[in-house]
Amino acid sequence: MHEVVRIASDLIAIPSINPMGSGASGAIYSERNLALYLRETLRHWDVDAELSGRDPAHPNLVAHIDRGLPETVVLEAHMDTVSHLEMDIDPFDPRVHDGKLYGRGSCDTKGSMATYLAAISAVLKGNRPLRRNVIFATVHDEEYSFAGIRELVATNALRGATFAIVGEPTSLRIIHAHKGICRFRLHTRGTAAHAAMPWLGDSAIYRMADVLRDLRQHADQLREHVHPDLGPATFNVGRISGGLAVNIVPPHASIEVDRRLLPGESYSSVIEELRNVLRAHEEYIVIDPPLMASPGFYIPPDSLPCLALSEAMQSIGLKAELETAHYGTDASFLDAAGIPTVVYGPGDIRLAHTRAEHIAIADLEQATQTLIELIS
């Protein structure tokens with residue numbers, strides 16, 4: 001068994017489920033055991049790794065391999081996974097079948113993490129000289145709120161970084177730009193009354209209907225706001241709720257919004273734009289602080305991380321393909337912190353979060369070899 005498959009299997013067997021704001025707790029809903037495994041593995045190779053963060057159950061981990069070289073690459077991935085419930089396979093019993101490794105997190109993103117470790121191991125055990133210093137970083141809570149990467153960039157742990165790779169299932173393609181995300185709730189206020197005398201009240205649901213009419217028009221107008229590589233910004237109302245009972249005029253109603261951001265946009269700019277759209281309704285609407293906010297990012301195809309990763313791929317006979325993506329990743333925060341970043345890793349994004357999540361072993365092996373070439 002190739003070492004990267006063994007490492008990936010070890011990682012899959014350690015649950016690290018994101019509770020997604022549900023309040024669920026316990027070992028399986030924590031990244032701590034996974035972080036401890038990573039720290040112990042690195043220490044076997046004489047690489048010191050430190051856990052950090054406000055919550056011991058949800059730490060980040062950072063390790064430095066510093067040889068005093070001119071360039072330093074950050075190899076970053078998130079430790080948390082989505083839920084293990086209702087899967088068609090045993091989520092934490094990694095199995096190899098037909099050239100694929102099955103298990104929760106195999107694709108998103110323990111596969112990427114395993115390629116980092118396997119590449120570092122190969123270089124250190126083979127006594128190969130590094131061509132770049134390495135910062136190995138893993139973070140908590142990417143799936144729900146990007147809390148881990150926010151904590152990481154707020155520290156000095158990444159000082160001196162020249163560029164970064166964020167591990168995600170990109171099918172071994174180099175993602176040099178993607179949209180950002182902001183999610184928030186919007187509420188309308190009304191006045192409760194008996195349903196037999198609705199004229200005594202003010203329906204928050206009817207108010208919301210007026211708001212939704214204007215929001216749909218706004219969503220259509222956003223199609224004209226097009227980035228040359230990423231396409232249009234998008235606006236989606238994904239959830240709606242309201243009222244107390246069928247025989248009460250509803251005093252409140254709420255929607256939950258997902259807005260995909262283009263580079264240069266932010267939650268603040270989106271809300272300012274939205275308030276102008278909804279000015280006629282401003283006396284009875286409330287917009288909450290964001291549930292999630294991450295900026296879009298873009299770096300040119302001829303930037304250092306694109307060229308360095310392309311060179312490494314080509315050196316082992318792989319075609320380097322640059323693409324953009326509509327989803328969000330930790331790359332937004334690294335780029336915003338001034339670290340040029342690309343997203344790259346083994347696995348197919350279409351298999352992430354699925355009931356039989358898996359990753360091609362050939363992807364794991366090729367990504368590992370690419371990373372060996374990148375750092376040595």
# chains A, B, ... in the order shown; residues from 1 in each chain; ligands from 1
$ residues_around --residues "segment 288-297 of chain A" --least-positions-apart "2" --cutoff "9 Å" --atoms "only C-alpha atoms" --output "number ranges by chain"
A: 144-146, 176-187, 260-267, 286, 299, 328-333, 335-336, 341
$ write_last_selection --atoms "C-alpha atoms" --output "JSON list (two decimals), in the first residue's frame"
[["chain", "number", "residue", "atom", "x", "y", "z"],
["A", 144, "TYR", "CA", -19.74, 25.93, 8.62],
["A", 145, "SER", "CA", -18.14, 29.32, 9.24],
["A", 146, "PHE", "CA", -14.44, 29.40, 8.24],
["A", 176, "HIS", "CA", -6.66, 30.38, -9.30],
["A", 177, "ALA", "CA", -9.94, 32.19, -8.61],
["A", 178, "HIS", "CA", -13.29, 31.54, -6.99],
["A", 179, "LYS", "CA", -16.31, 33.36, -5.68],
["A", 180, "GLY", "CA", -16.81, 34.39, -2.08],
["A", 181, "ILE", "CA", -19.84, 33.73, 0.08],
["A", 182, "CYS", "CA", -21.97, 35.67, 2.49],
["A", 183, "ARG", "CA", -24.99, 34.19, 4.21],
["A", 184, "PHE", "CA", -27.35, 36.14, 6.39],
["A", 185, "ARG", "CA", -30.91, 36.31, 7.67],
["A", 186, "LEU", "CA", -33.39, 39.05, 6.87],
["A", 187, "HIS", "CA", -36.51, 39.57, 8.98],
["A", 260, "ARG", "CA", -22.01, 34.56, -3.94],
["A", 261, "LEU", "CA", -19.46, 37.36, -4.16],
["A", 262, "LEU", "CA", -17.14, 38.40, -6.93],
["A", 263, "PRO", "CA", -13.60, 39.59, -6.12],
["A", 264, "GLY", "CA", -13.81, 43.09, -4.64],
["A", 265, "GLU", "CA", -17.24, 42.56, -3.08],
["A", 266, "SER", "CA", -17.83, 42.12, 0.65],
["A", 267, "TYR", "CA", -20.69, 41.57, 3.09],
["A", 286, "VAL", "CA", -33.98, 43.85, 9.99],
["A", 299, "ILE", "CA", -4.68, 35.68, -8.79],
["A", 328, "GLY", "CA", -15.69, 29.07, -1.56],
["A", 329, "THR", "CA", -12.58, 27.88, 0.31],
["A", 330, "ASP", "CA", -10.02, 28.98, 2.88],
["A", 331, "ALA", "CA", -8.07, 30.52, -0.01],
["A", 332, "SER", "CA", -10.20, 33.66, 0.34],
["A", 333, "PHE", "CA", -8.72, 34.44, 3.74],
["A", 335, "ASP", "CA", -5.28, 35.75, -0.23],
["A", 336, "ALA", "CA", -6.88, 38.59, 1.76],
["A", 341, "THR", "CA", -2.90, 31.25, -2.99]]
$ closest_atom_pairs --of "segment 62-89 of chain A" --to "segment 156-168 of chain A" --cutoff "7 Å" --atoms "only C-alpha atoms" --output "Markdown table"
| residue | atom | partner | partner_atom | distance |
| --- | --- | --- | --- | --- |
| A:Glu71 | CA | A:Thr162 | CA | 5.6 |
| A:Thr72 | CA | A:Ala161 | CA | 5.0 |
| A:Val73 | CA | A:Phe163 | CA | 5.2 |
| A:Val74 | CA | A:Ala164 | CA | 4.3 |
| A:Leu75 | CA | A:Ile165 | CA | 5.2 |
| A:Glu76 | CA | A:Val166 | CA | 4.9 |
| A:Ala77 | CA | A:Gly167 | CA | 4.9 |
$ write_last_selection --atoms "C-alpha atoms" --output "PDB file, in the first residue's frame"
ATOM      1  CA  GLU A  71      10.626  30.908  -0.450  1.00  0.00           C
ATOM      2  CA  THR A  72       8.099  29.396   1.955  1.00  0.00           C
ATOM      3  CA  VAL A  73       5.020  27.492   0.838  1.00  0.00           C
ATOM      4  CA  VAL A  74       1.987  26.958   3.069  1.00  0.00           C
ATOM      5  CA  LEU A  75       0.263  23.586   2.659  1.00  0.00           C
ATOM      6  CA  GLU A  76      -3.189  24.099   4.209  1.00  0.00           C
ATOM      7  CA  ALA A  77      -6.293  21.917   4.561  1.00  0.00           C
TER       8      ALA A  77
END
$ select_by_dssp --residues "segment 245-319 of chain A" --states "strand (DSSP E or B)" --output "MDAnalysis selection string"
chainID A and resid 248 252:261 285:287 292:294 297:298
$ closest_residue --among "A:Ile339, A:Met208, A:Ala312, A:Leu374" --to "Tyr284 of chain A" --atoms "only C-alpha atoms"
A:Met208
$ closest_atom_pairs --of "segment 97-158 of chain A" --to "segment 370-373 of chain A" --cutoff "9 Å" --atoms "only C-alpha atoms" --output "JSON lines"
{"residue": "A:Thr115", "atom": "CA", "partner": "A:Leu371", "partner_atom": "CA", "distance": 7.5}
{"residue": "A:Tyr116", "atom": "CA", "partner": "A:Leu371", "partner_atom": "CA", "distance": 7.1}
{"residue": "A:Ala118", "atom": "CA", "partner": "A:Ile372", "partner_atom": "CA", "distance": 8.6}
{"residue": "A:Ala119", "atom": "CA", "partner": "A:Ile372", "partner_atom": "CA", "distance": 5.0}
{"residue": "A:Ile120", "atom": "CA", "partner": "A:Ile372", "partner_atom": "CA", "distance": 7.2}
{"residue": "A:Ala122", "atom": "CA", "partner": "A:Ile372", "partner_atom": "CA", "distance": 7.4}
{"residue": "A:Val123", "atom": "CA", "partner": "A:Ile372", "partner_atom": "CA", "distance": 6.7}
$ residues_around --residues "Thr191 of chain A" --least-positions-apart "2" --cutoff "10 Å" --atoms "only C-alpha atoms" --output "ChimeraX atom specification"
/A:189,193,198,200-204,248-252
